[in-house]
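Asker: So I've got this file, start.pdb, and it contains PDB, C-alpha atoms and all ligand atoms:
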```pdb
ATOM      1  CA  MET A   1       0.000   0.000   0.000  1.00  0.00           C
ATOM      2  CA  LYS A   2       1.334   3.435  -0.966  1.00  0.00           C
ATOM      3  CA  ILE A   3       0.618   6.445   1.205  1.00  0.00           C
ATOM      4  CA  ALA A   4       0.656  10.094   0.087  1.00  0.00           C
ATOM      5  CA  LEU A   5       2.032  12.434   2.750  1.00  0.00           C
ATOM      6  CA  ALA A   6       2.020  16.204   3.071  1.00  0.00           C
ATOM      7  CA  CYS A   7       2.367  18.756   5.833  1.00  0.00           C
ATOM      8  CA  ASP A   8       3.060  22.392   6.548  1.00  0.00           C
ATOM      9  CA  HIS A   9       5.746  23.752   8.895  1.00  0.00           C
ATOM     10  CA  GLY A  10       3.417  23.074  11.851  1.00  0.00           C
ATOM     11  CA  GLY A  11       3.266  19.366  11.027  1.00  0.00           C
ATOM     12  CA  LEU A  12       6.781  18.592   9.804  1.00  0.00           C
ATOM     13  CA  ASP A  13       8.072  16.792  12.894  1.00  0.00           C
ATOM     14  CA  LEU A  14       5.041  14.539  13.182  1.00  0.00           C
ATOM     15  CA  LYS A  15       5.210  13.798   9.450  1.00  0.00           C
ATOM     16  CA  HIS A  16       8.790  12.580   9.983  1.00  0.00           C
ATOM     17  CA  ALA A  17       7.595  10.293  12.787  1.00  0.00           C
ATOM     18  CA  ILE A  18       4.833   8.980  10.498  1.00  0.00           C
ATOM     19  CA  ILE A  19       7.405   8.331   7.759  1.00  0.00           C
ATOM     20  CA  ASN A  20       9.439   6.247  10.217  1.00  0.00           C
ATOM     21  CA  TYR A  21       6.284   4.336  11.164  1.00  0.00           C
ATOM     22  CA  LEU A  22       5.501   3.661   7.493  1.00  0.00           C
ATOM     23  CA  LYS A  23       9.051   2.445   6.804  1.00  0.00           C
ATOM     24  CA  GLU A  24       9.057   0.178   9.859  1.00  0.00           C
ATOM     25  CA  ASN A  25       5.727  -1.324   8.845  1.00  0.00           C
ATOM     26  CA  GLY A  26       6.474  -1.976   5.185  1.00  0.00           C
ATOM     27  CA  TYR A  27       4.380   0.771   3.579  1.00  0.00           C
ATOM     28  CA  GLU A  28       5.465   2.617   0.468  1.00  0.00           C
ATOM     29  CA  TYR A  29       5.009   6.369   0.601  1.00  0.00           C
ATOM     30  CA  GLU A  30       5.497   9.568  -1.345  1.00  0.00           C
ATOM     31  CA  ASP A  31       6.239  12.761   0.537  1.00  0.00           C
ATOM     32  CA  PHE A  32       4.822  15.836  -1.214  1.00  0.00           C
ATOM     33  CA  GLY A  33       6.380  18.352   1.190  1.00  0.00           C
ATOM     34  CA  THR A  34       6.898  20.690   2.870  1.00  0.00           C
ATOM     35  CA  TYR A  35      10.440  19.690   3.727  1.00  0.00           C
ATOM     36  CA  SER A  36      11.544  22.418   6.156  1.00  0.00           C
ATOM     37  CA  HIS A  37      10.324  24.350   9.189  1.00  0.00           C
ATOM     38  CA  GLU A  38      10.087  27.528   7.123  1.00  0.00           C
ATOM     39  CA  SER A  39       6.601  29.015   7.289  1.00  0.00           C
ATOM     40  CA  CYS A  40       4.472  27.955   4.320  1.00  0.00           C
ATOM     41  CA  ASP A  41       0.862  27.658   3.152  1.00  0.00           C
ATOM     42  CA  TYR A  42      -0.696  24.222   3.753  1.00  0.00           C
ATOM     43  CA  PRO A  43      -2.991  24.268   0.635  1.00  0.00           C
ATOM     44  CA  ASP A  44       0.118  24.165  -1.573  1.00  0.00           C
ATOM     45  CA  TYR A  45       1.039  20.736  -0.169  1.00  0.00           C
ATOM     46  CA  ALA A  46      -2.424  19.384   0.579  1.00  0.00           C
ATOM     47  CA  LYS A  47      -3.376  19.625  -3.088  1.00  0.00           C
ATOM     48  CA  LEU A  48      -0.344  17.635  -4.251  1.00  0.00           C
ATOM     49  CA  ALA A  49      -1.038  14.700  -1.931  1.00  0.00           C
ATOM     50  CA  ALA A  50      -4.791  14.892  -2.593  1.00  0.00           C
ATOM     51  CA  ARG A  51      -4.309  14.730  -6.360  1.00  0.00           C
ATOM     52  CA  ALA A  52      -2.037  11.698  -5.974  1.00  0.00           C
ATOM     53  CA  VAL A  53      -4.798   9.893  -4.047  1.00  0.00           C
ATOM     54  CA  VAL A  54      -7.569  10.848  -6.475  1.00  0.00           C
ATOM     55  CA  ASN A  55      -5.382   9.864  -9.458  1.00  0.00           C
ATOM     56  CA  ARG A  56      -4.701   6.530  -7.704  1.00  0.00           C
ATOM     57  CA  GLU A  57      -0.936   7.043  -7.677  1.00  0.00           C
ATOM     58  CA  CYS A  58      -1.345   6.502  -3.933  1.00  0.00           C
ATOM     59  CA  ASP A  59      -3.908   4.402  -2.077  1.00  0.00           C
ATOM     60  CA  LEU A  60      -4.461   6.656   0.946  1.00  0.00           C
ATOM     61  CA  GLY A  61      -3.193   9.998   2.193  1.00  0.00           C
ATOM     62  CA  ILE A  62      -2.075  11.390   5.537  1.00  0.00           C
ATOM     63  CA  LEU A  63      -1.813  15.137   6.085  1.00  0.00           C
ATOM     64  CA  VAL A  64      -0.317  16.990   9.044  1.00  0.00           C
ATOM     65  CA  CYS A  65      -0.512  20.620  10.094  1.00  0.00           C
ATOM     66  CA  GLY A  66      -0.680  22.295  13.481  1.00  0.00           C
ATOM     67  CA  THR A  67      -4.290  21.308  14.087  1.00  0.00           C
ATOM     68  CA  GLY A  68      -4.960  19.003  11.150  1.00  0.00           C
ATOM     69  CA  ILE A  69      -7.851  21.286  10.272  1.00  0.00           C
ATOM     70  CA  GLY A  70      -6.573  23.645   7.596  1.00  0.00           C
ATOM     71  CA  ILE A  71      -4.708  21.045   5.584  1.00  0.00           C
ATOM     72  CA  GLY A  72      -7.723  18.710   5.730  1.00  0.00           C
ATOM     73  CA  ILE A  73     -10.155  21.395   4.589  1.00  0.00           C
ATOM     74  CA  ALA A  74      -7.818  22.203   1.702  1.00  0.00           C
ATOM     75  CA  ALA A  75      -7.602  18.545   0.644  1.00  0.00           C
ATOM     76  CA  ASN A  76     -11.384  18.236   0.667  1.00  0.00           C
ATOM     77  CA  LYS A  77     -11.559  20.910  -2.055  1.00  0.00           C
ATOM     78  CA  ILE A  78     -10.048  18.413  -4.482  1.00  0.00           C
ATOM     79  CA  LYS A  79     -12.784  16.438  -6.211  1.00  0.00           C
ATOM     80  CA  GLY A  80     -12.883  12.824  -5.061  1.00  0.00           C
ATOM     81  CA  VAL A  81     -11.240  13.394  -1.703  1.00  0.00           C
ATOM     82  CA  ARG A  82     -12.838  12.336   1.558  1.00  0.00           C
ATOM     83  CA  CYS A  83     -10.385  13.626   4.140  1.00  0.00           C
ATOM     84  CA  ALA A  84     -11.278  13.151   7.812  1.00  0.00           C
ATOM     85  CA  LEU A  85      -9.750  15.008  10.735  1.00  0.00           C
ATOM     86  CA  CYS A  86      -8.526  12.230  13.023  1.00  0.00           C
ATOM     87  CA  ASN A  87      -7.123  13.351  16.323  1.00  0.00           C
ATOM     88  CA  ASP A  88      -8.344  10.198  18.093  1.00  0.00           C
ATOM     89  CA  VAL A  89      -8.237   6.466  17.386  1.00  0.00           C
ATOM     90  CA  PHE A  90     -12.018   5.945  17.314  1.00  0.00           C
ATOM     91  CA  SER A  91     -12.486   8.550  14.579  1.00  0.00           C
ATOM     92  CA  ALA A  92      -9.676   7.066  12.499  1.00  0.00           C
ATOM     93  CA  LYS A  93     -11.210   3.604  12.635  1.00  0.00           C
ATOM     94  CA  ALA A  94     -14.781   4.838  12.142  1.00  0.00           C
ATOM     95  CA  THR A  95     -14.029   7.053   9.165  1.00  0.00           C
ATOM     96  CA  ARG A  96     -12.544   4.127   7.249  1.00  0.00           C
ATOM     97  CA  ALA A  97     -15.431   1.861   8.258  1.00  0.00           C
ATOM     98  CA  HIS A  98     -18.298   4.280   7.579  1.00  0.00           C
ATOM     99  CA  ASN A  99     -17.029   7.058   5.283  1.00  0.00           C
ATOM    100  CA  ASP A 100     -14.424   5.077   3.314  1.00  0.00           C
ATOM    101  CA  ALA A 101     -12.162   8.075   3.891  1.00  0.00           C
ATOM    102  CA  ASN A 102      -9.260   8.139   1.462  1.00  0.00           C
ATOM    103  CA  MET A 103      -7.272  10.703   3.449  1.00  0.00           C
ATOM    104  CA  MET A 104      -6.873  11.671   7.073  1.00  0.00           C
ATOM    105  CA  SER A 105      -5.471  14.780   8.661  1.00  0.00           C
ATOM    106  CA  ILE A 106      -3.941  15.139  12.092  1.00  0.00           C
ATOM    107  CA  GLY A 107      -2.649  17.962  14.282  1.00  0.00           C
ATOM    108  CA  GLN A 108       0.903  17.968  15.565  1.00  0.00           C
ATOM    109  CA  ARG A 109       0.028  20.679  18.089  1.00  0.00           C
ATOM    110  CA  VAL A 110      -3.005  18.772  19.369  1.00  0.00           C
ATOM    111  CA  ILE A 111      -1.709  15.351  20.362  1.00  0.00           C
ATOM    112  CA  GLY A 112       1.502  13.564  21.278  1.00  0.00           C
ATOM    113  CA  GLU A 113       3.500  11.441  18.885  1.00  0.00           C
ATOM    114  CA  GLY A 114       2.655   8.106  20.484  1.00  0.00           C
ATOM    115  CA  HIS A 115      -1.077   8.733  20.245  1.00  0.00           C
ATOM    116  CA  ALA A 116      -0.656  10.076  16.715  1.00  0.00           C
ATOM    117  CA  LEU A 117       1.008   6.877  15.523  1.00  0.00           C
ATOM    118  CA  GLU A 118      -1.788   4.774  17.044  1.00  0.00           C
ATOM    119  CA  ILE A 119      -4.256   6.932  15.115  1.00  0.00           C
ATOM    120  CA  VAL A 120      -2.296   6.424  11.900  1.00  0.00           C
ATOM    121  CA  ALA A 121      -2.246   2.654  12.501  1.00  0.00           C
ATOM    122  CA  ALA A 122      -6.019   2.608  13.088  1.00  0.00           C
ATOM    123  CA  PHE A 123      -6.600   4.533   9.869  1.00  0.00           C
ATOM    124  CA  LEU A 124      -4.300   2.347   7.761  1.00  0.00           C
ATOM    125  CA  ASN A 125      -5.715  -0.894   9.176  1.00  0.00           C
ATOM    126  CA  GLY A 126      -9.341   0.241   8.970  1.00  0.00           C
ATOM    127  CA  LYS A 127     -11.785  -1.579   6.717  1.00  0.00           C
ATOM    128  CA  PHE A 128     -14.798  -0.138   4.897  1.00  0.00           C
ATOM    129  CA  GLU A 129     -17.999  -1.879   5.989  1.00  0.00           C
ATOM    130  CA  GLY A 130     -19.887  -1.202   2.726  1.00  0.00           C
ATOM    131  CA  ASP A 131     -23.595  -2.031   2.992  1.00  0.00           C
ATOM    132  CA  ARG A 132     -25.745   0.972   4.078  1.00  0.00           C
ATOM    133  CA  HIS A 133     -22.729   3.277   3.971  1.00  0.00           C
ATOM    134  CA  ILE A 134     -22.368   2.959   0.189  1.00  0.00           C
ATOM    135  CA  GLN A 135     -25.463   4.994  -0.666  1.00  0.00           C
ATOM    136  CA  ARG A 136     -24.485   7.645   1.885  1.00  0.00           C
ATOM    137  CA  ILE A 137     -21.069   8.034   0.309  1.00  0.00           C
ATOM    138  CA  GLU A 138     -22.618   8.163  -3.169  1.00  0.00           C
ATOM    139  CA  LYS A 139     -24.949  10.957  -2.001  1.00  0.00           C
ATOM    140  CA  MET A 140     -22.056  12.783  -0.351  1.00  0.00           C
ATOM    141  CA  MET A 141     -19.904  12.615  -3.464  1.00  0.00           C
ATOM    142  CA  ALA A 142     -22.833  13.686  -5.672  1.00  0.00           C
ATOM    143  CA  LEU A 143     -22.788  16.985  -3.772  1.00  0.00           C
ATOM    144  CA  GLU A 144     -19.576  17.774  -5.627  1.00  0.00           C
ATOM    145  CA  GLU A 145     -21.657  18.142  -8.796  1.00  0.00           C
ATOM    146  CA  GLU A 146     -24.100  20.701  -7.323  1.00  0.00           C
TER
HETATM  147  C1  LIG A 201       0.192  27.236  10.945  1.00  0.00           C
HETATM  148  O1  LIG A 201       0.598  28.159  11.881  1.00  0.00           O
HETATM  149  C2  LIG A 201      -1.167  26.688  11.320  1.00  0.00           C
HETATM  150  O2  LIG A 201      -2.144  27.658  11.123  1.00  0.00           O
HETATM  151  C3  LIG A 201      -1.484  25.438  10.526  1.00  0.00           C
HETATM  152  O3  LIG A 201      -0.498  24.490  10.741  1.00  0.00           O
HETATM  153  C4  LIG A 201      -2.797  24.769  10.827  1.00  0.00           C
HETATM  154  O4  LIG A 201      -2.963  24.555  12.191  1.00  0.00           O
HETATM  155  C5  LIG A 201      -3.987  25.351  10.203  1.00  0.00           C
HETATM  156  O5  LIG A 201      -5.092  24.822  10.251  1.00  0.00           O
END
```
Kindly present the structure from the file in structure tokens form.
Answerer:
Amino acid sequence: MKIALACDHGGLDLKHAIINYLKENGYEYEDFGTYSHESCDYPDYAKLAARAVVNRECDLGILVCGTGIGIGIAANKIKGVRCALCNDVFSAKATRAHNDANMMSIGQRVIGEGHALEIVAAFLNGKFEGDRHIQRIEKMMALEEE
């Protein structure tokens, strides 16, 4: 499984920890930046990772900023993205199971690294339940056409 990664300056350190987790657990990944602590604008990086997921160059995406909020909102502007803010394990598991989320965002300034990596693991190991959730996702994605 290949994971698209992106962050802003507020999420760089946690992104590095996530990269280590991915390497240790046999995931492929592509890092779309940012690559330094210099202040930057999260939409510039969110869109690169989001496009890679929508184009199926990557299977899932993980985005990091200070809160996880801005970078996730930006990713959700790209057609086909379902990016969920996951600052807890339950949400990470549930959004794969119910929303078939193809990206998650997380906030480096919100939670500690250990918790963050458990959240990432829950997201990556999550399974879509299908069934009644399919029509809800179809309706949600149809909103992109309105
Ligand atoms: C950057 O200072 C910060 O605003 C950003 O990382 C993020 O938290 C925005 O939602």
Asker: Given a cut-off of 12 Å, what residues near ligand LIG 201 (chain A) show up using only C-alpha atoms and all ligand atoms, put as a PyMOL selection string?
Answerer: chain A and resi 6-14+34+37-43+45-46+63-75+85+105-110
Asker: Could you dump the residues just selected with C-alpha atoms as a tab-separated table (two decimals), keeping the file's coordinate frame?
Answerer:
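Final output, saved to part.tsv:
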```
chain	number	residue	atom	x	y	z
A	6	ALA	CA	2.02	16.20	3.07
A	7	CYS	CA	2.37	18.76	5.83
A	8	ASP	CA	3.06	22.39	6.55
A	9	HIS	CA	5.75	23.75	8.90
A	10	GLY	CA	3.42	23.07	11.85
A	11	GLY	CA	3.27	19.37	11.03
A	12	LEU	CA	6.78	18.59	9.80
A	13	ASP	CA	8.07	16.79	12.89
A	14	LEU	CA	5.04	14.54	13.18
A	34	THR	CA	6.90	20.69	2.87
A	37	HIS	CA	10.32	24.35	9.19
A	38	GLU	CA	10.09	27.53	7.12
A	39	SER	CA	6.60	29.02	7.29
A	40	CYS	CA	4.47	27.96	4.32
A	41	ASP	CA	0.86	27.66	3.15
A	42	TYR	CA	-0.70	24.22	3.75
A	43	PRO	CA	-2.99	24.27	0.64
A	45	TYR	CA	1.04	20.74	-0.17
A	46	ALA	CA	-2.42	19.38	0.58
A	63	LEU	CA	-1.81	15.14	6.08
A	64	VAL	CA	-0.32	16.99	9.04
A	65	CYS	CA	-0.51	20.62	10.09
A	66	GLY	CA	-0.68	22.30	13.48
A	67	THR	CA	-4.29	21.31	14.09
A	68	GLY	CA	-4.96	19.00	11.15
A	69	ILE	CA	-7.85	21.29	10.27
A	70	GLY	CA	-6.57	23.64	7.60
A	71	ILE	CA	-4.71	21.04	5.58
A	72	GLY	CA	-7.72	18.71	5.73
A	73	ILE	CA	-10.15	21.40	4.59
A	74	ALA	CA	-7.82	22.20	1.70
A	75	ALA	CA	-7.60	18.55	0.64
A	85	LEU	CA	-9.75	15.01	10.74
A	105	SER	CA	-5.47	14.78	8.66
A	106	ILE	CA	-3.94	15.14	12.09
A	107	GLY	CA	-2.65	17.96	14.28
A	108	GLN	CA	0.90	17.97	15.56
A	109	ARG	CA	0.03	20.68	18.09
A	110	VAL	CA	-3.00	18.77	19.37
```
Asker: Calculate how many Å separate CA of Ala116 in chain A from CA of Asp131 in chain A, rounding to one decimal.
Answerer: 29.3 Å
Asker: Report the residues retrieved by the PyMOL selection byres (((chain A and resi 100) around 8) and not hetatm) from the displayed file, expressed as an mmCIF file with C-alpha atoms, in the frame of the given file.
Answerer:
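After the write, expr.cif holds the following:
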```
data_model
loop_
_atom_site.group_PDB
_atom_site.id
_atom_site.type_symbol
_atom_site.label_atom_id
_atom_site.label_comp_id
_atom_site.auth_asym_id
_atom_site.auth_seq_id
_atom_site.Cartn_x
_atom_site.Cartn_y
_atom_site.Cartn_z
ATOM 1 C CA ARG A 82 -12.838 12.336 1.558
ATOM 2 C CA THR A 95 -14.029 7.053 9.165
ATOM 3 C CA ARG A 96 -12.544 4.127 7.249
ATOM 4 C CA ALA A 97 -15.431 1.861 8.258
ATOM 5 C CA HIS A 98 -18.298 4.280 7.579
ATOM 6 C CA ASN A 99 -17.029 7.058 5.283
ATOM 7 C CA ALA A 101 -12.162 8.075 3.891
ATOM 8 C CA ASN A 102 -9.260 8.139 1.462
ATOM 9 C CA LYS A 127 -11.785 -1.579 6.717
ATOM 10 C CA PHE A 128 -14.798 -0.138 4.897
ATOM 11 C CA ILE A 137 -21.069 8.034 0.309
#
```
Asker: Specify the axis-aligned box that encloses all atoms of range 118-131 of chain A listed in the file after padding of 3 Å on each side, stating its centre and edge lengths in Å to one decimal as AutoDock Vina command-line options.
Answerer:
```
--center_x -12.7 --center_y 2.5 --center_z 9.9 --size_x 27.8 --size_y 15.0 --size_z 20.3
```
Asker: Residues at most 9 Å from Gly80 in chain A, counting only C-alpha atoms, excluding those fewer than 5 positions away in the same chain, as a list in words?
Answerer: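 Counting only C-alpha atoms, the residues come to Ala50, Arg51, Val53, Val54, Asn102, Met141 and Glu144 of chain A.
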Asker: Here is a test: counting all atoms listed in the file, which residue of A:Lys2, A:Ile62, A:Asn76, A:Phe90 is nearest to Asn25 in chain A?
Answerer: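 That would be A:Lys2, the residue with the smallest distance to Asn25 in chain A.
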Asker: Just checking: using all atoms listed in the file, which residue out of A:Glu146, A:Asp59, A:Asp31, A:Ile18 ends up closest to Gly114 in chain A?
Answerer: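 Going through A:Glu146, A:Asp59, A:Asp31, A:Ile18 one by one, the smallest distance to Gly114 in chain A is for A:Ile18.
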Asker: Please measure the separation of CA of Tyr29 in chain A and CA of Ile134 in chain A, giving the value in Å to one decimal.
Answerer: 27.6 Å
Asker: Would you compute the distance between CA of Lys23 in chain A and CA of Ser36 in chain A? Give it in Å to one decimal.
Answerer: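 A separation of 20.1 Å between them.
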Asker: Rank nothing, just name the residue among A:Val89, A:Lys15, A:Phe32, A:Leu143 nearest to Asp44 in chain A, using all atoms listed in the file.
Answerer: A:Phe32
Asker: Taking only C-alpha atoms into account, name the residue in A:Leu124, A:Ile78, A:Ile111, A:Ile119 that is nearest to Gly61 in chain A.
Answerer: A:Leu124
Asker: Rank nothing, just name the residue among A:Lys93, A:Tyr35, A:Val81, A:Glu113 nearest to Asn55 in chain A, using all atoms listed in the file.
Answerer: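 Looking only at the distances to Asn55 in chain A, the closest residue turns out to be A:Val81.
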Asker: My list of candidates is A:Ala142, A:Ala49, A:Ala94, A:Ala17. Which is closest to Leu5 in chain A when distances are computed with all atoms listed in the file?
Answerer: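 Going through A:Ala142, A:Ala49, A:Ala94, A:Ala17 one by one, the smallest distance to Leu5 in chain A is for A:Ala49.
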